[in-house]
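Below is one structure; the comments refer to it alone.
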Amino acid sequence: MEPVQNKSIWNASGMAGVVFGFIVFLISLIGSYITIHSEPTGNLLSGTILASVIGCLIGVFGGVFGVKMYIREYGPEMKIGQGAVIGLVAGLIMGAISQFLSLLWPLFDSAFIENLQAAMIANIELSDQLPEAQKEDMIDATYTQMQNYYSAGSIIQGFLISFVTYGLLNLFSGLIAAKFMGKTPQEEL
Amino acid sequence: MHGKQLLSTKYALHPLFYVVVLPSILFFAFAAWSPPLFYSTLPEWFGSWQKALFSQVCHQQPARSLYINGIPLAVCSRCTGIYTGILAAMIIHPFIFTFVIKAKLYIMRVFALASLVIVLDGAANLFHLWHSTDQVRLITGTFWGMATGTLLIYSLIVLRKHKPGDNPYGTRSK
């Protein structure tokens with residue numbers, strides 16, 4: 001009688017979540033420092049915004065990486081639902097780590113929030129893409145957002161949005177990866 | 001008596017499609033299009049939950065967004081196309097289900113082509129090689145969204161398990 005192998009998804013999704021959480025945070029941090037150290041040009045597509053979008057695009061591969069780790073550990077036999085769960089858990093861990101690190105970083109660089117706020121507002125002020133009224137609204141919104149960086153509402157919202165976006169996107173990438181990289185059992189319904 | 005087995009009776013979509021994927025896509029598409037329904041001024045739009053929801057996945061530049069009644073949608077024109085395209089693929093999937101089952105290679109090729117188009121156009125705009133209009137961004141986004149939606153549907157196709165006594169051929173047995 002063959003020994004029953006207990007296949008746990010935690011190693012694979014945990015590893016994927018931690019690795020990609022760090023990557024997403026690093027990309028976001030690099031983008032923020034590019035914004036801080038660049039001369040304001042009036043281009044609203046700042047390094048911060050661009051980095052968060054690029055970070056998210058890379059973050060989607062967390063689910064794929066998690067499925068790959070699972071296959072390396074247990075072999076390619078897996079159900080689509082397992083791929084989806086691996087992706088979902090990886091995405092939740094990724095979101096939590098990237099959010100936690102971004103809350104932690106201003107403790108190491110105390111002028112980070114102030115510098116980032118100044119750089120973002122300077123870019124909006126120089127922009128010729130928006131009417132004056134819209135510029136004022138954007139400046140007010142950016143100022144409020146940065147001033148509320150450590151408010152409870154802002155922190156909870158940040159975590160929730162990370163969980164929803166990274167969780168669902170990685171759930172999708174995980175189930176696609178399970179279909180294409182794994183061997184799904186024939187009968188599922 | 002047994003005719004050719006209908007593919008649509010042999011295969012089905014995994015329950016994940018109905019429980020998670022379709023509701024999520026409906027939610028994202030609604031959130032993307034809904035700001036003009038709820039807000040009438042830009043400050044309201046800036047503080048909206050829709051804008052916050054997409055803040056980590058889209059640049060949301062008002063200058064690159066579609067407007068309805070003077071209020072921008074929650075995402076840029078390309079992302080509007082993406083969410084709409086994915087939703088469109090989900091809605092029309094019953095009509096293309098048989099094609100999707102058989103066309104794995106085409107689906108992957110179309111997805112690769114759509115990804116190439118969106119990356120090239122995005123990069124070219126970023127590096128100021130050319131400037132795409134909102135219409136072009138919307139079309140390339142919709143193309144990629146439909147390709148991604150079809151890929152998602154393909155990934156969720158599984159064999160239908162027939163119970164003993166079921167007629168697996170989709171033809172009425174006497």
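Going by the structure tokens order, chains are called A, B, ..., each with residues numbered from 1, while ligands are numbered from 1 in the order shown.
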
Sorted by chain and rising residue number, which residues of chain B lie within 6 Å of chain A, and what are their closest atom pairs and distances in Å to one decimal, counting only C-alpha atoms, as JSON lines?
```
{"residue": "B:Pro43", "atom": "CA", "partner": "A:Asp137", "partner_atom": "CA", "distance": 5.9}
{"residue": "B:Leu53", "atom": "CA", "partner": "A:Ile161", "partner_atom": "CA", "distance": 5.7}
{"residue": "B:Gln56", "atom": "CA", "partner": "A:Ser52", "partner_atom": "CA", "distance": 5.7}
{"residue": "B:Val57", "atom": "CA", "partner": "A:Val53", "partner_atom": "CA", "distance": 5.0}
{"residue": "B:Cys58", "atom": "CA", "partner": "A:Val53", "partner_atom": "CA", "distance": 5.8}
{"residue": "B:His59", "atom": "CA", "partner": "A:Ile49", "partner_atom": "CA", "distance": 5.7}
{"residue": "B:Ser155", "atom": "CA", "partner": "A:Ile176", "partner_atom": "CA", "distance": 5.4}
{"residue": "B:Leu159", "atom": "CA", "partner": "A:Glu187", "partner_atom": "CA", "distance": 5.4}
{"residue": "B:Arg160", "atom": "CA", "partner": "A:Leu189", "partner_atom": "CA", "distance": 5.3}
{"residue": "B:Lys161", "atom": "CA", "partner": "A:Leu189", "partner_atom": "CA", "distance": 5.1}
```

Pick out the residues sitting within 10 Å of B:Phe111, and hand them over as a ChimeraX atom specification; count only C-alpha atoms, and ignore anything fewer than 3 positions along from it in its own chain. /B:105-108,114-117,143-151

Polymer residues at most 7 Å from stretch 29-41 of chain A, only C-alpha atoms, same-chain spacing of 4 or more positions, as number ranges by chain: A: 25, 46-48, 51, 115-116, 119, 122-123, 126

In stretch 22-120 of chain A, DSSP alpha helix (DSSP H) residues written as a PyMOL selection string: chain A and resi 22-37+47-59+61-74+80-108+112-120

What is the distance, in Å and to one decimal place, between atom CA of B:Gly70 and atom CA of B:Gln135? 17.3 Å

Residues of stretch 14-148 of chain B in strand (DSSP E) according to DSSP, as a PyMOL selection string? chain B and resi 67-68+71-72

12 Å contact set for A:Leu104, only C-alpha atoms, chain neighbours under 2 positions out, as an MDAnalysis selection string: chainID A and resid 25 29 97:102 106:110 112:113 149:150 155

Give me the residues of stretch 11-70 of chain B that have any atom at most 7 Å from an atom of stretch 78-102 of chain B; for each, the nearest atom pair and the distance in Å, rounded to one decimal. Use only C-alpha atoms, sort by chain and number, and format it as JSON lines.
```
{"residue": "B:Ile25", "atom": "CA", "partner": "B:Leu87", "partner_atom": "CA", "distance": 6.2}
{"residue": "B:Leu26", "atom": "CA", "partner": "B:Leu87", "partner_atom": "CA", "distance": 6.7}
{"residue": "B:Phe28", "atom": "CA", "partner": "B:Tyr83", "partner_atom": "CA", "distance": 6.9}
{"residue": "B:Ala29", "atom": "CA", "partner": "B:Tyr83", "partner_atom": "CA", "distance": 5.3}
{"residue": "B:Ala32", "atom": "CA", "partner": "B:Thr80", "partner_atom": "CA", "distance": 6.6}
```

Would you export the selected residues with C-alpha atoms as a compact mmCIF listing (two decimals), in the first residue's frame, please?
```
# COMPACT_ATOMS: atom_id res chain seq x y z
CA ILE B 25 -15.27 40.44 -13.30
CA LEU B 26 -18.79 41.85 -13.00
CA PHE B 28 -14.54 45.13 -11.47
CA ALA B 29 -16.36 46.15 -14.66
CA ALA B 32 -14.69 50.81 -13.52
```

With a distance cut-off of 9 Å and only C-alpha atoms, select the neighbouring residues of B:Phe17, excluding the residue or stretch itself and same-chain residues fewer than 4 positions from it, and output the selection as a list in words.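 In the requested format, the answer is Leu13, Val21, Leu22, Pro23, Leu152, Ile153 and Leu156 of chain B.
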
Work out how far apart atom CA of A:Ala111 and atom CA of A:Gln147 are and give it in Å to one decimal.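 Taking atom CA of A:Ala111 as the start and atom CA of A:Gln147 as the end point, the length is 12.8 Å.
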